[in-house]
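A.B. asks: Sharing query-v3.cif (mmCIF, C-alpha atoms) below.
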data_final
#
loop_
_atom_site.label_atom_id
_atom_site.label_comp_id
_atom_site.auth_asym_id
_atom_site.auth_seq_id
_atom_site.Cartn_x
_atom_site.Cartn_y
_atom_site.Cartn_z
CA MET M 203 2.73 -80.06 -52.09
CA VAL M 204 5.12 -78.15 -49.93
CA THR M 205 3.69 -76.61 -46.83
CA ALA M 206 5.69 -74.03 -45.00
CA VAL M 207 5.75 -75.10 -41.41
CA ILE M 208 5.26 -72.08 -39.23
CA SER M 209 4.19 -72.70 -35.71
CA ASP M 210 1.39 -70.62 -34.27
CA ALA M 211 3.89 -69.16 -31.79
CA ASP M 212 6.22 -68.01 -34.59
CA LEU M 213 3.32 -66.59 -36.54
CA ARG M 214 2.07 -64.76 -33.50
CA GLN M 215 5.49 -63.18 -32.93
CA ARG M 216 5.77 -62.12 -36.56
CA ALA M 217 2.28 -60.65 -36.49
CA TRP M 218 2.98 -58.80 -33.24
CA ASN M 219 6.27 -57.40 -34.58
CA ALA M 220 4.55 -56.18 -37.73
CA ALA M 221 1.63 -54.61 -35.88
CA ALA M 222 3.98 -53.05 -33.35
CA GLN M 223 5.50 -50.89 -36.11
CA VAL M 224 2.21 -49.07 -36.72
CA VAL M 225 2.19 -45.49 -35.47
CA ASP M 226 -0.61 -43.16 -34.40
CA PRO M 227 -1.43 -41.12 -37.54
CA GLU M 228 -1.89 -37.98 -35.44
CA ILE M 229 1.14 -38.44 -33.17
CA PRO M 230 3.55 -40.29 -35.46
CA VAL M 231 6.32 -40.60 -32.85
CA LEU M 232 4.18 -43.07 -30.89
CA THR M 233 3.63 -46.66 -31.94
CA ILE M 234 0.43 -48.39 -30.97
CA VAL M 235 2.50 -50.35 -28.44
CA ASP M 236 3.71 -47.12 -26.82
CA LEU M 237 0.10 -46.00 -26.60
CA GLY M 238 -1.19 -49.28 -25.20
CA VAL M 239 -3.66 -49.55 -28.09
CA LEU M 240 -2.31 -52.93 -29.27
CA ARG M 241 -3.77 -55.36 -26.72
CA ASP M 242 -3.29 -58.86 -28.05
CA VAL M 243 -2.46 -61.07 -31.00
CA VAL M 244 -4.22 -64.41 -31.17
CA VAL M 245 -3.37 -67.13 -33.67
CA SER M 246 -5.47 -70.19 -34.26
CA ASP M 247 -5.20 -72.58 -37.21
CA GLY M 248 -2.99 -70.12 -39.02
CA HIS M 249 -5.51 -67.26 -38.75
CA VAL M 250 -4.36 -64.08 -37.07
CA GLU M 251 -6.59 -61.87 -34.98
CA ILE M 252 -5.35 -58.54 -33.63
CA ALA M 253 -7.10 -56.94 -30.66
CA ILE M 254 -6.92 -53.16 -30.36
CA THR M 255 -8.67 -50.79 -27.96
CA PRO M 256 -9.83 -47.26 -28.77
CA THR M 257 -8.33 -44.38 -26.82
CA TYR M 258 -11.49 -42.26 -26.98
CA SER M 259 -14.92 -43.50 -28.14
CA GLY M 260 -14.93 -41.23 -31.16
CA CYS M 261 -11.23 -41.19 -31.98
CA PRO M 262 -11.10 -41.02 -35.78
CA ALA M 263 -7.56 -42.42 -35.79
CA MET M 264 -8.85 -45.90 -34.93
CA ASN M 265 -10.06 -46.65 -38.47
CA MET M 266 -6.72 -45.54 -39.84
CA ILE M 267 -4.83 -47.62 -37.28
CA ALA M 268 -6.87 -50.74 -38.12
CA LEU M 269 -6.13 -50.23 -41.82
CA GLU M 270 -2.42 -49.69 -41.16
CA ILE M 271 -2.27 -52.93 -39.14
CA GLU M 272 -3.87 -54.86 -41.98
CA LEU M 273 -1.37 -53.42 -44.43
CA ALA M 274 1.59 -54.11 -42.13
CA LEU M 275 0.54 -57.75 -41.75
CA GLU M 276 -0.16 -58.20 -45.45
CA ARG M 277 3.34 -56.92 -46.16
CA GLU M 278 4.62 -59.68 -43.86
CA GLY M 279 2.70 -62.18 -45.93
CA ILE M 280 0.04 -62.66 -43.29
CA ARG M 281 -3.20 -62.81 -45.21
CA GLN M 282 -6.55 -61.39 -44.15
CA PRO M 283 -5.85 -60.69 -40.52
CA LYS M 284 -8.92 -59.98 -38.44
CA ILE M 285 -8.94 -56.77 -36.43
CA ARG M 286 -11.08 -56.89 -33.31
CA THR M 287 -11.90 -53.82 -31.22
CA VAL M 288 -12.12 -54.48 -27.50
CA LEU M 289 -13.71 -51.93 -25.16
CA SER M 290 -13.02 -53.62 -21.86
CA PRO M 291 -10.93 -52.98 -19.87
CA ALA M 292 -11.20 -49.35 -20.95
CA TRP M 293 -8.01 -47.78 -22.24
CA THR M 294 -6.13 -45.57 -19.82
CA THR M 295 -3.08 -43.35 -20.18
CA ASP M 296 -1.48 -45.49 -17.46
CA TRP M 297 -0.82 -48.03 -20.22
CA MET M 298 1.47 -45.63 -22.05
CA SER M 299 5.04 -46.93 -21.91
CA ASP M 300 7.88 -44.95 -20.31
CA ASP M 301 9.55 -44.93 -23.69
CA GLY M 302 6.35 -43.50 -25.16
CA ARG M 303 6.27 -40.74 -22.52
CA ARG M 304 9.86 -39.80 -23.29
CA LYS M 305 9.19 -39.73 -27.05
CA LEU M 306 6.12 -37.55 -26.52
CA ARG M 307 8.08 -35.02 -24.46
CA GLU M 308 10.84 -34.87 -27.06
CA TYR M 309 8.17 -34.33 -29.72
CA GLY M 310 6.92 -31.29 -27.78
CA ILE M 311 3.82 -32.80 -26.17
CA ALA M 312 3.67 -33.02 -22.38
CA PRO M 313 3.03 -36.67 -21.46
CA PRO M 314 0.05 -37.62 -19.27
CA LEU M 315 0.60 -37.53 -15.53
CA ALA M 316 0.72 -40.95 -13.93
CA GLY M 317 -2.42 -42.14 -12.15
CA SER M 318 -5.55 -41.88 -14.20
CA GLY M 319 -8.14 -41.89 -11.43
CA ARG M 320 -10.75 -39.23 -10.94
CA ARG M 321 -8.49 -37.45 -8.48
CA ALA M 322 -5.93 -36.97 -11.21
CA LEU M 323 -8.71 -35.71 -13.44
CA PHE M 324 -10.19 -33.20 -11.03
CA GLY M 325 -7.31 -32.53 -8.69
CA GLU M 326 -4.62 -29.90 -9.00
CA GLN M 327 -2.41 -30.61 -11.95
CA SER M 328 1.17 -29.62 -12.39
CA VAL M 329 2.27 -30.17 -15.95
CA ALA M 330 5.88 -29.41 -16.85
CA CYS M 331 6.53 -27.49 -20.06
CA PRO M 332 7.96 -29.91 -22.66
CA GLN M 333 10.04 -27.08 -24.15
CA CYS M 334 11.84 -25.59 -21.15
CA GLY M 335 10.85 -27.93 -18.32
CA ALA M 336 9.35 -25.18 -16.13
CA GLU M 337 6.48 -26.16 -13.83
CA ASP M 338 4.87 -22.72 -14.04
CA THR M 339 2.24 -23.53 -16.67
CA GLU M 340 -1.47 -22.86 -17.18
CA VAL M 341 -4.31 -24.52 -19.03
CA LEU M 342 -5.76 -22.65 -22.01
CA SER M 343 -8.39 -25.19 -23.02
CA GLU M 344 -9.38 -28.65 -21.81
CA PHE M 345 -9.72 -29.70 -25.43
CA GLY M 346 -6.97 -29.57 -28.03
CA SER M 347 -6.41 -30.46 -31.66
CA THR M 348 -7.27 -34.13 -31.06
CA SER M 349 -9.52 -35.92 -28.57
CA CYS M 350 -6.58 -36.95 -26.42
CA LYS M 351 -4.94 -33.56 -25.92
CA ALA M 352 -5.48 -30.31 -24.02
CA LEU M 353 -4.01 -26.91 -24.78
CA TRP M 354 -1.57 -25.43 -22.24
CA ARG M 355 0.85 -22.51 -22.05
CA CYS M 356 4.14 -22.10 -20.22
CA ARG M 357 4.33 -18.94 -18.12
CA SER M 358 8.11 -19.18 -18.06
CA CYS M 359 9.06 -19.45 -21.75
CA ARG M 360 5.61 -18.28 -22.96
CA GLU M 361 5.37 -21.16 -25.44
CA PRO M 362 1.96 -22.77 -25.92
CA PHE M 363 2.09 -26.56 -25.86
CA GLU M 364 -0.15 -29.59 -25.97
CA TYR M 365 -0.70 -31.89 -23.02
CA PHE M 366 -1.72 -35.52 -23.50
CA LYS M 367 -4.70 -35.72 -21.13
CA CYS M 368 -5.02 -38.20 -18.30
CA HIS M 369 -7.66 -40.72 -19.12
CA MET H 18 -36.37 -40.22 -54.70
CA THR H 19 -36.32 -40.88 -51.01
CA VAL H 20 -35.81 -44.06 -49.09
CA ALA H 21 -38.31 -45.50 -46.61
CA SER H 22 -37.65 -45.74 -42.89
CA ILE H 23 -36.59 -49.06 -41.38
CA GLN H 24 -38.64 -51.17 -39.00
CA VAL H 25 -37.18 -51.76 -35.56
CA SER H 26 -38.06 -54.63 -33.22
CA GLU H 27 -37.96 -52.78 -29.92
CA THR H 28 -37.37 -55.46 -27.35
CA PRO H 29 -36.51 -53.93 -23.95
CA LEU H 30 -32.74 -54.22 -24.47
CA VAL H 31 -32.86 -52.88 -28.03
CA LEU H 32 -35.06 -49.98 -26.94
CA TYR H 33 -32.84 -49.23 -23.95
CA THR H 34 -29.70 -49.20 -26.08
CA LEU H 35 -31.28 -47.08 -28.83
CA ARG H 36 -32.42 -44.52 -26.25
CA ARG H 37 -28.85 -43.97 -25.04
CA ALA H 38 -27.46 -44.08 -28.57
CA ASP H 39 -30.00 -41.46 -29.67
CA ASP H 40 -29.10 -39.26 -26.69
CA ALA H 41 -25.46 -39.32 -27.72
CA LEU H 42 -26.08 -38.83 -31.44
CA ILE H 43 -28.54 -35.94 -31.07
CA LEU H 44 -26.49 -34.01 -28.51
CA GLY H 45 -23.33 -34.72 -30.49
CA HIS H 46 -25.00 -33.37 -33.63
CA ARG H 47 -26.14 -30.24 -31.79
CA LEU H 48 -22.57 -29.60 -30.61
CA SER H 49 -21.23 -30.13 -34.12
CA GLU H 50 -23.51 -27.32 -35.31
CA TRP H 51 -21.21 -24.93 -33.43
CA CYS H 52 -18.23 -25.94 -35.54
CA GLY H 53 -16.85 -22.75 -37.06
CA HIS H 54 -19.25 -20.55 -35.04
CA ALA H 55 -18.05 -20.78 -31.44
CA PRO H 56 -17.06 -17.57 -29.63
CA ALA H 57 -13.36 -18.50 -29.56
CA MET H 58 -11.05 -20.92 -31.33
CA GLU H 59 -10.44 -22.97 -28.16
CA GLU H 60 -14.17 -23.27 -27.60
CA ASP H 61 -14.78 -24.30 -31.19
CA MET H 62 -12.35 -27.17 -30.68
CA ALA H 63 -13.82 -28.07 -27.30
CA LEU H 64 -17.38 -28.31 -28.65
CA ALA H 65 -16.29 -30.35 -31.66
CA ASN H 66 -14.24 -32.62 -29.38
CA MET H 67 -17.18 -33.29 -27.11
CA GLY H 68 -19.41 -33.87 -30.13
CA LEU H 69 -16.88 -36.43 -31.33
CA ASP H 70 -16.88 -38.23 -27.97
CA LEU H 71 -20.67 -38.45 -28.13
CA LEU H 72 -20.65 -39.65 -31.73
CA GLY H 73 -18.23 -42.40 -30.71
CA GLN H 74 -20.51 -43.44 -27.86
CA ALA H 75 -23.50 -43.43 -30.24
CA ARG H 76 -21.70 -45.68 -32.72
CA GLU H 77 -20.80 -48.25 -30.07
CA LEU H 78 -24.37 -48.29 -28.78
CA TYR H 79 -26.01 -48.47 -32.23
CA ALA H 80 -23.68 -51.32 -33.21
CA TYR H 81 -24.69 -53.17 -30.06
CA ALA H 82 -28.41 -52.50 -30.61
CA ALA H 83 -28.04 -53.92 -34.14
CA LYS H 84 -26.34 -57.02 -32.80
CA VAL H 85 -28.97 -57.59 -30.12
CA GLU H 86 -31.83 -56.98 -32.54
CA GLY H 87 -30.31 -59.29 -35.17
CA LYS H 88 -32.56 -58.11 -38.00
CA GLY H 89 -29.93 -56.84 -40.40
CA ASN H 90 -30.01 -53.22 -39.22
CA ASP H 91 -26.72 -51.46 -38.52
CA GLU H 92 -25.47 -48.24 -36.96
CA ASP H 93 -25.97 -46.22 -40.15
CA LYS H 94 -29.50 -47.47 -40.69
CA PHE H 95 -30.44 -46.59 -37.11
CA ALA H 96 -29.05 -43.09 -37.50
CA TYR H 97 -30.13 -42.29 -41.04
CA LEU H 98 -33.25 -44.29 -41.70
CA ARG H 99 -35.51 -43.80 -38.70
CA ASP H 100 -38.18 -41.13 -38.66
CA VAL H 101 -38.75 -38.60 -35.89
CA ARG H 102 -41.26 -40.78 -34.08
CA GLN H 103 -38.77 -43.66 -34.00
CA TYR H 104 -36.13 -41.58 -32.21
CA ARG H 105 -35.94 -42.16 -28.46
CA ASN H 106 -33.66 -39.39 -27.17
CA LEU H 107 -34.35 -37.05 -24.27
CA LEU H 108 -36.22 -33.86 -25.22
CA LEU H 109 -33.52 -31.81 -23.48
CA LEU H 110 -30.86 -32.89 -25.96
CA GLU H 111 -32.75 -31.95 -29.13
CA GLN H 112 -33.41 -28.38 -27.95
CA PRO H 113 -31.78 -25.87 -30.30
CA ASN H 114 -28.37 -24.46 -29.42
CA GLY H 115 -29.70 -20.92 -28.99
CA ASP H 116 -26.95 -18.68 -27.65
CA PHE H 117 -23.75 -20.01 -26.08
CA ALA H 118 -25.26 -19.83 -22.57
CA ARG H 119 -28.16 -22.05 -23.61
CA THR H 120 -25.81 -24.61 -25.17
CA MET H 121 -23.73 -24.66 -21.99
CA VAL H 122 -26.72 -25.01 -19.66
CA ARG H 123 -28.07 -27.92 -21.75
CA GLN H 124 -24.59 -29.48 -21.70
CA PHE H 125 -24.21 -28.97 -17.97
CA PHE H 126 -27.61 -30.46 -17.04
CA TYR H 127 -26.88 -33.52 -19.18
CA ALA H 128 -23.17 -33.98 -18.35
CA ALA H 129 -23.93 -33.83 -14.60
CA PHE H 130 -26.37 -36.68 -15.22
CA ALA H 131 -24.29 -38.68 -17.73
CA ASP H 132 -21.24 -38.59 -15.45
CA LEU H 133 -23.20 -40.27 -12.63
CA TYR H 134 -25.19 -42.50 -14.94
CA TRP H 135 -22.28 -44.07 -16.82
CA ARG H 136 -20.25 -44.50 -13.66
CA ALA H 137 -23.14 -46.47 -12.13
CA MET H 138 -23.64 -48.43 -15.37
CA MET H 139 -20.08 -49.79 -15.17
CA LYS H 140 -21.65 -52.38 -12.84
CA SER H 141 -24.23 -53.46 -15.42
CA GLY H 142 -24.74 -57.20 -15.78
CA ASP H 143 -24.45 -56.70 -19.54
CA PRO H 144 -20.70 -56.77 -20.39
CA THR H 145 -21.02 -54.63 -23.53
CA LEU H 146 -23.04 -51.92 -21.80
CA ALA H 147 -20.60 -51.99 -18.87
CA ALA H 148 -17.68 -51.56 -21.29
CA VAL H 149 -19.35 -48.66 -23.11
CA ALA H 150 -20.10 -47.12 -19.70
CA ALA H 151 -16.45 -47.38 -18.62
CA LYS H 152 -15.35 -45.37 -21.67
CA SER H 153 -18.23 -42.89 -21.58
CA GLU H 154 -17.77 -42.18 -17.88
CA LYS H 155 -14.27 -40.78 -18.41
CA GLU H 156 -15.41 -38.62 -21.30
CA SER H 157 -18.47 -37.36 -19.42
CA ALA H 158 -16.26 -36.29 -16.52
CA TYR H 159 -14.41 -33.91 -18.85
CA HIS H 160 -17.69 -32.64 -20.31
CA LEU H 161 -18.98 -31.94 -16.81
CA ARG H 162 -15.87 -30.06 -15.76
CA HIS H 163 -15.88 -27.99 -18.94
CA SER H 164 -19.55 -26.99 -18.73
CA SER H 165 -19.38 -26.38 -14.94
CA GLU H 166 -16.60 -23.86 -15.43
CA TRP H 167 -18.63 -22.07 -18.10
CA ILE H 168 -21.78 -21.93 -15.97
CA VAL H 169 -19.80 -20.19 -13.21
CA ARG H 170 -18.10 -17.85 -15.68
CA LEU H 171 -21.36 -16.90 -17.39
CA GLY H 172 -23.49 -16.63 -14.26
CA ASP H 173 -20.91 -14.71 -12.27
CA GLY H 174 -19.79 -12.68 -15.30
CA THR H 175 -21.48 -9.62 -16.76
CA GLU H 176 -25.11 -8.63 -16.36
CA GLU H 177 -25.66 -9.76 -19.95
CA SER H 178 -24.09 -13.21 -19.51
CA HIS H 179 -25.89 -13.67 -16.17
CA THR H 180 -29.27 -12.87 -17.71
CA ARG H 181 -28.67 -15.20 -20.64
CA ALA H 182 -27.56 -18.07 -18.40
CA GLN H 183 -30.54 -17.60 -16.06
CA THR H 184 -32.98 -17.47 -18.99
CA ALA H 185 -31.50 -20.71 -20.35
CA ILE H 186 -31.87 -22.42 -16.95
CA ASP H 187 -35.48 -21.26 -16.67
CA ASP H 188 -36.32 -22.43 -20.19
CA LEU H 189 -34.57 -25.83 -20.06
CA TRP H 190 -35.40 -26.85 -16.49
CA ALA H 191 -38.68 -28.55 -17.42
CA TYR H 192 -36.77 -31.01 -19.64
CA THR H 193 -34.52 -32.32 -16.87
CA GLY H 194 -37.12 -34.58 -15.21
CA GLU H 195 -37.16 -36.96 -18.16
CA MET H 196 -33.59 -38.08 -17.37
CA PHE H 197 -34.83 -39.75 -14.18
CA ALA H 198 -38.06 -41.29 -15.51
CA VAL H 199 -38.45 -45.03 -16.04
CA ASP H 200 -41.13 -46.94 -17.97
CA ASP H 201 -42.16 -50.59 -17.73
CA SER H 202 -39.78 -51.70 -20.46
CA GLU H 203 -36.80 -50.22 -18.64
CA ARG H 204 -38.03 -51.36 -15.23
CA ALA H 205 -37.65 -54.96 -16.39
CA LEU H 206 -33.99 -54.32 -17.26
CA ILE H 207 -33.38 -52.59 -13.94
CA ASP H 208 -34.85 -55.59 -12.10
CA ALA H 209 -32.60 -57.89 -14.13
CA GLY H 210 -29.45 -55.91 -13.20
CA ILE H 211 -28.85 -54.83 -16.82
CA ALA H 212 -29.75 -51.17 -16.28
CA ILE H 213 -29.60 -48.97 -13.19
CA ASP H 214 -32.47 -46.93 -11.82
CA PRO H 215 -31.77 -43.29 -12.76
CA ALA H 216 -34.04 -42.12 -9.93
CA SER H 217 -31.34 -43.33 -7.52
CA LEU H 218 -29.03 -40.64 -8.93
CA HIS H 219 -31.45 -37.73 -8.62
CA GLN H 220 -30.31 -36.37 -5.25
CA ARG H 221 -26.64 -36.45 -6.20
CA TRP H 222 -27.39 -34.81 -9.55
CA LEU H 223 -29.38 -32.08 -7.81
CA LYS H 224 -26.52 -31.43 -5.41
CA THR H 225 -23.96 -31.08 -8.21
CA VAL H 226 -26.28 -28.77 -10.11
CA LEU H 227 -27.15 -26.69 -7.03
CA ASP H 228 -23.50 -26.30 -6.01
CA ILE H 229 -22.46 -24.98 -9.40
CA VAL H 230 -25.55 -22.86 -9.98
CA SER H 231 -25.14 -21.24 -6.55
CA GLU H 232 -21.45 -20.56 -7.17
CA ALA H 233 -22.51 -18.96 -10.44
CA THR H 234 -24.94 -16.65 -8.51
CA LEU H 235 -27.78 -18.20 -10.51
CA ALA H 236 -30.95 -19.89 -9.26
CA LEU H 237 -32.97 -22.97 -10.15
CA PRO H 238 -36.67 -22.56 -10.93
CA THR H 239 -39.07 -23.60 -8.19
CA SER H 240 -41.48 -25.31 -10.58
CA ASN H 241 -41.40 -29.09 -10.50
CA TRP H 242 -43.56 -29.60 -13.57
CA MET H 243 -41.61 -31.68 -16.05
CA GLN H 244 -42.13 -32.31 -19.75
CA GLN H 245 -41.68 -35.85 -21.08
CA GLY H 246 -42.14 -37.68 -24.35
CA GLY H 247 -38.81 -38.18 -26.06
CA ARG H 248 -38.31 -41.71 -24.72
CA SER H 249 -41.55 -42.81 -26.43
CA GLY H 250 -41.02 -40.86 -29.65
CA ARG H 251 -43.10 -37.75 -28.92
CA HIS H 252 -40.69 -34.96 -29.75
CA SER H 253 -40.58 -31.21 -30.03
CA GLU H 254 -40.69 -29.80 -33.56
CA HIS H 255 -36.94 -29.20 -33.40
CA LEU H 256 -35.93 -32.84 -33.83
CA GLY H 257 -37.54 -33.10 -37.27
CA HIS H 258 -35.50 -30.16 -38.51
CA LEU H 259 -32.33 -31.63 -37.05
CA LEU H 260 -32.97 -35.02 -38.70
CA SER H 261 -33.80 -33.48 -42.05
CA GLU H 262 -30.26 -32.14 -42.11
CA LEU H 263 -28.58 -35.18 -40.53
CA GLN H 264 -30.35 -37.64 -42.85
CA SER H 265 -30.65 -35.70 -46.10
CA MET H 266 -27.77 -37.44 -47.88
CA GLN H 267 -28.91 -40.99 -47.14
CA ARG H 268 -32.56 -40.19 -47.79
CA THR H 269 -31.72 -38.56 -51.13
CA PHE H 270 -28.97 -40.92 -52.28
CA PRO H 271 -29.79 -44.26 -50.61
CA GLY H 272 -26.70 -46.26 -49.71
CA ALA H 273 -24.26 -43.53 -50.72
CA THR H 274 -20.78 -44.02 -49.25
CA TRP H 275 -17.70 -41.84 -49.12
#
Let's see the structure in the file written out as structure tokens.
C.D. replies:
Amino acid sequence: MVTAVISDADLRQRAWNAAAQVVDPEIPVLTIVDLGVLRDVVVSDGHVEIAITPTYSGCPAMNMIALEIELALEREGIRQPKIRTVLSPAWTTDWMSDDGRRKLREYGIAPPLAGSGRRALFGEQSVACPQCGAEDTEVLSEFGSTSCKALWRCRSCREPFEYFKCH
Amino acid sequence: MTVASIQVSETPLVLYTLRRADDALILGHRLSEWCGHAPAMEEDMALANMGLDLLGQARELYAYAAKVEGKGNDEDKFAYLRDVRQYRNLLLLEQPNGDFARTMVRQFFYAAFADLYWRAMMKSGDPTLAAVAAKSEKESAYHLRHSSEWIVRLGDGTEESHTRAQTAIDDLWAYTGEMFAVDDSERALIDAGIAIDPASLHQRWLKTVLDIVSEATLALPTSNWMQQGGRSGRHSEHLGHLLSELQSMQRTFPGATW
């Protein structure tokens, strides 16, 4: 019998690379690494376990993301990966990568302001328009088309836009 | 054919967790009833979003209650296969939506409490409850800001909106006391450092509520008589109607899945 010798470290890297390709179904320019949703990959005795954290408690994208991870790993030949949801530490927009923030802006969504504390939540916000860059913007609604976004409008170019909320 | 209700072994921790899960599910369901009916598109999305946050909190809590109970129940069984008298939510949260002002006053009274409550619960000695609290606290903060702004806008708006907001406050006030009540079962968890004593939050809650209500040119009732019962399964007639809708599919087609 021939056994392919793959070390746990190699397997972990392959599993991470595969999972890292998965994108948010509602914001397809962001991978789950950009978002900070992919927390860890653990390998023991050839079994792979992926830890992900939900952005919002009721975010319906989480089920889809878990399924996409399973498919991505199966495509890599990694059988029956286990997906574990971790709640602690709670996800925060501070985990979003700089690359992710840039991609969001280019996609037309204003990225979350840095600093996710309650002061950022309740303090004065200045969100730059992702279309024209103007700072003269106003909030239309705290809640947008998905749990993670709010609806804003630019007073300069008059374009409405979405803002990825601080959390 | 209908399917029978499940039995639940209500140890203190299971009961505690179900109470908070029921709070979130019932209020979340009430908010979802606005979907497609809110006064503006933005508000329709806001109410559905908040309902979704609450549904997510409910799922995490039901899943934990099932794990702690260890009797083969799960989140769906808790939601779909318990009768009215087995529900443990606050009476405030099952009250009908009424007009938009009433929905906002109910939301405001509860969000002002939930925001403080979950923040305090982040220090729970139970790691799962502390983790749920850490997520819920952030969401509650948004719910509080949203409903606070509406209370001010409605109270300090037209004569019509002022009257409606004041009527809602007068009608719902008697249900707010239950948020701060504690029974023996919960006292044991508080003593063990698993739960926090909600009475310790009362003064801060009252200050938040008074600040906003005053800014809105509204007033709180002077009566201190408070209605209780939800935590022990004695509900208003409204919960039965809500559950008949929420549970009809599973009661009619047991085990049906999408």
A.B. asks: Could you pull the residues within 9 Å of stretch 291-303 of chain M, counting all atoms listed in the file, minus those fewer than 4 positions along the same chain, as a PyMOL selection string?
C.D. replies: (chain M and resi 231-233+235-239+255-258+307-308+312-318+366-369) or (chain H and resi 148-149+151-152)
A.B. asks: Give me the result of the PyMOL selection byres ((chain H) within 9 of (chain M)) on this file, residue by residue, as number ranges by chain.
C.D. replies: H: 59-60, 62-64, 66-77, 144-145, 147-149, 151-153, 155-156, 158-159, 162-163
A.B. asks: Got a sec to resolve the PyMOL selection byres ((chain H and resi 173) around 8) on this structure and send the residues as a ChimeraX atom specification?
C.D. replies: /H:169-172,174-175,179,232-235
A.B. asks: For those residues, write C-alpha atoms to a file as an mmCIF file, keeping the file's coordinate frame.
C.D. replies:
data_model
loop_
_atom_site.group_PDB
_atom_site.id
_atom_site.type_symbol
_atom_site.label_atom_id
_atom_site.label_comp_id
_atom_site.auth_asym_id
_atom_site.auth_seq_id
_atom_site.Cartn_x
_atom_site.Cartn_y
_atom_site.Cartn_z
ATOM 1 C CA VAL H 169 -19.800 -20.190 -13.210
ATOM 2 C CA ARG H 170 -18.100 -17.850 -15.680
ATOM 3 C CA LEU H 171 -21.360 -16.900 -17.390
ATOM 4 C CA GLY H 172 -23.490 -16.630 -14.260
ATOM 5 C CA GLY H 174 -19.790 -12.680 -15.300
ATOM 6 C CA THR H 175 -21.480 -9.620 -16.760
ATOM 7 C CA HIS H 179 -25.890 -13.670 -16.170
ATOM 8 C CA GLU H 232 -21.450 -20.560 -7.170
ATOM 9 C CA ALA H 233 -22.510 -18.960 -10.440
ATOM 10 C CA THR H 234 -24.940 -16.650 -8.510
ATOM 11 C CA LEU H 235 -27.780 -18.200 -10.510
#
A.B. asks: When you draw a straight line from atom CA of H:Gly257 to atom CA of H:Arg181, how long is it in Å?
C.D. replies: 26.0 Å
A.B. asks: Take the PyMOL selection byres ((chain M and resi 334) around 9), run it mentally on this structure, and tell me the resulting residues as a VMD selection string.
C.D. replies: chain M and resid 330 to 333 335 to 336 356 358 to 359 361
A.B. asks: Excluding stretch 202-218 of chain H and its own-chain neighbours fewer than 3 positions away, which residues fall within 9 Å of it when counting all atoms listed in the file? Please give them as a list in words.
C.D. replies: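 With the cut-off at 9 Å, the set is Thr28, Pro29, Leu30, Leu32, Tyr33, Phe130, Leu133, Tyr134, Ala137, Met138, Lys140, Ser141, Gly142, Asp143, Leu146, Ala147, Met196, Phe197, Ala198, Val199, Arg221, Trp222 and Leu223 of chain H.
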A.B. asks: I'd like to know which of M:Arg357, M:Arg281, M:Ala211, M:Ile254 is closest to M:Val224, using all atoms listed in the file.
C.D. replies: M:Ile254
A.B. asks: Rounded to one decimal place, report the atom CA of H:Gln103-atom CA of H:Tyr81 distance in Å.
C.D. replies: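 Going from atom CA of H:Gln103 over to atom CA of H:Tyr81 covers 17.4 Å.
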A.B. asks: State, in Å with one decimal place, the distance from atom CA of H:Arg268 to atom CA of H:His46.
C.D. replies: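 Answer for the atom CA of H:Arg268 to atom CA of H:His46 separation: 17.4 Å.
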A.B. asks: Using all atoms listed in the file, which residue out of M:Ala217, M:Phe363, M:Leu306, M:Trp354 lies closest to M:Leu273?
C.D. replies: M:Ala217
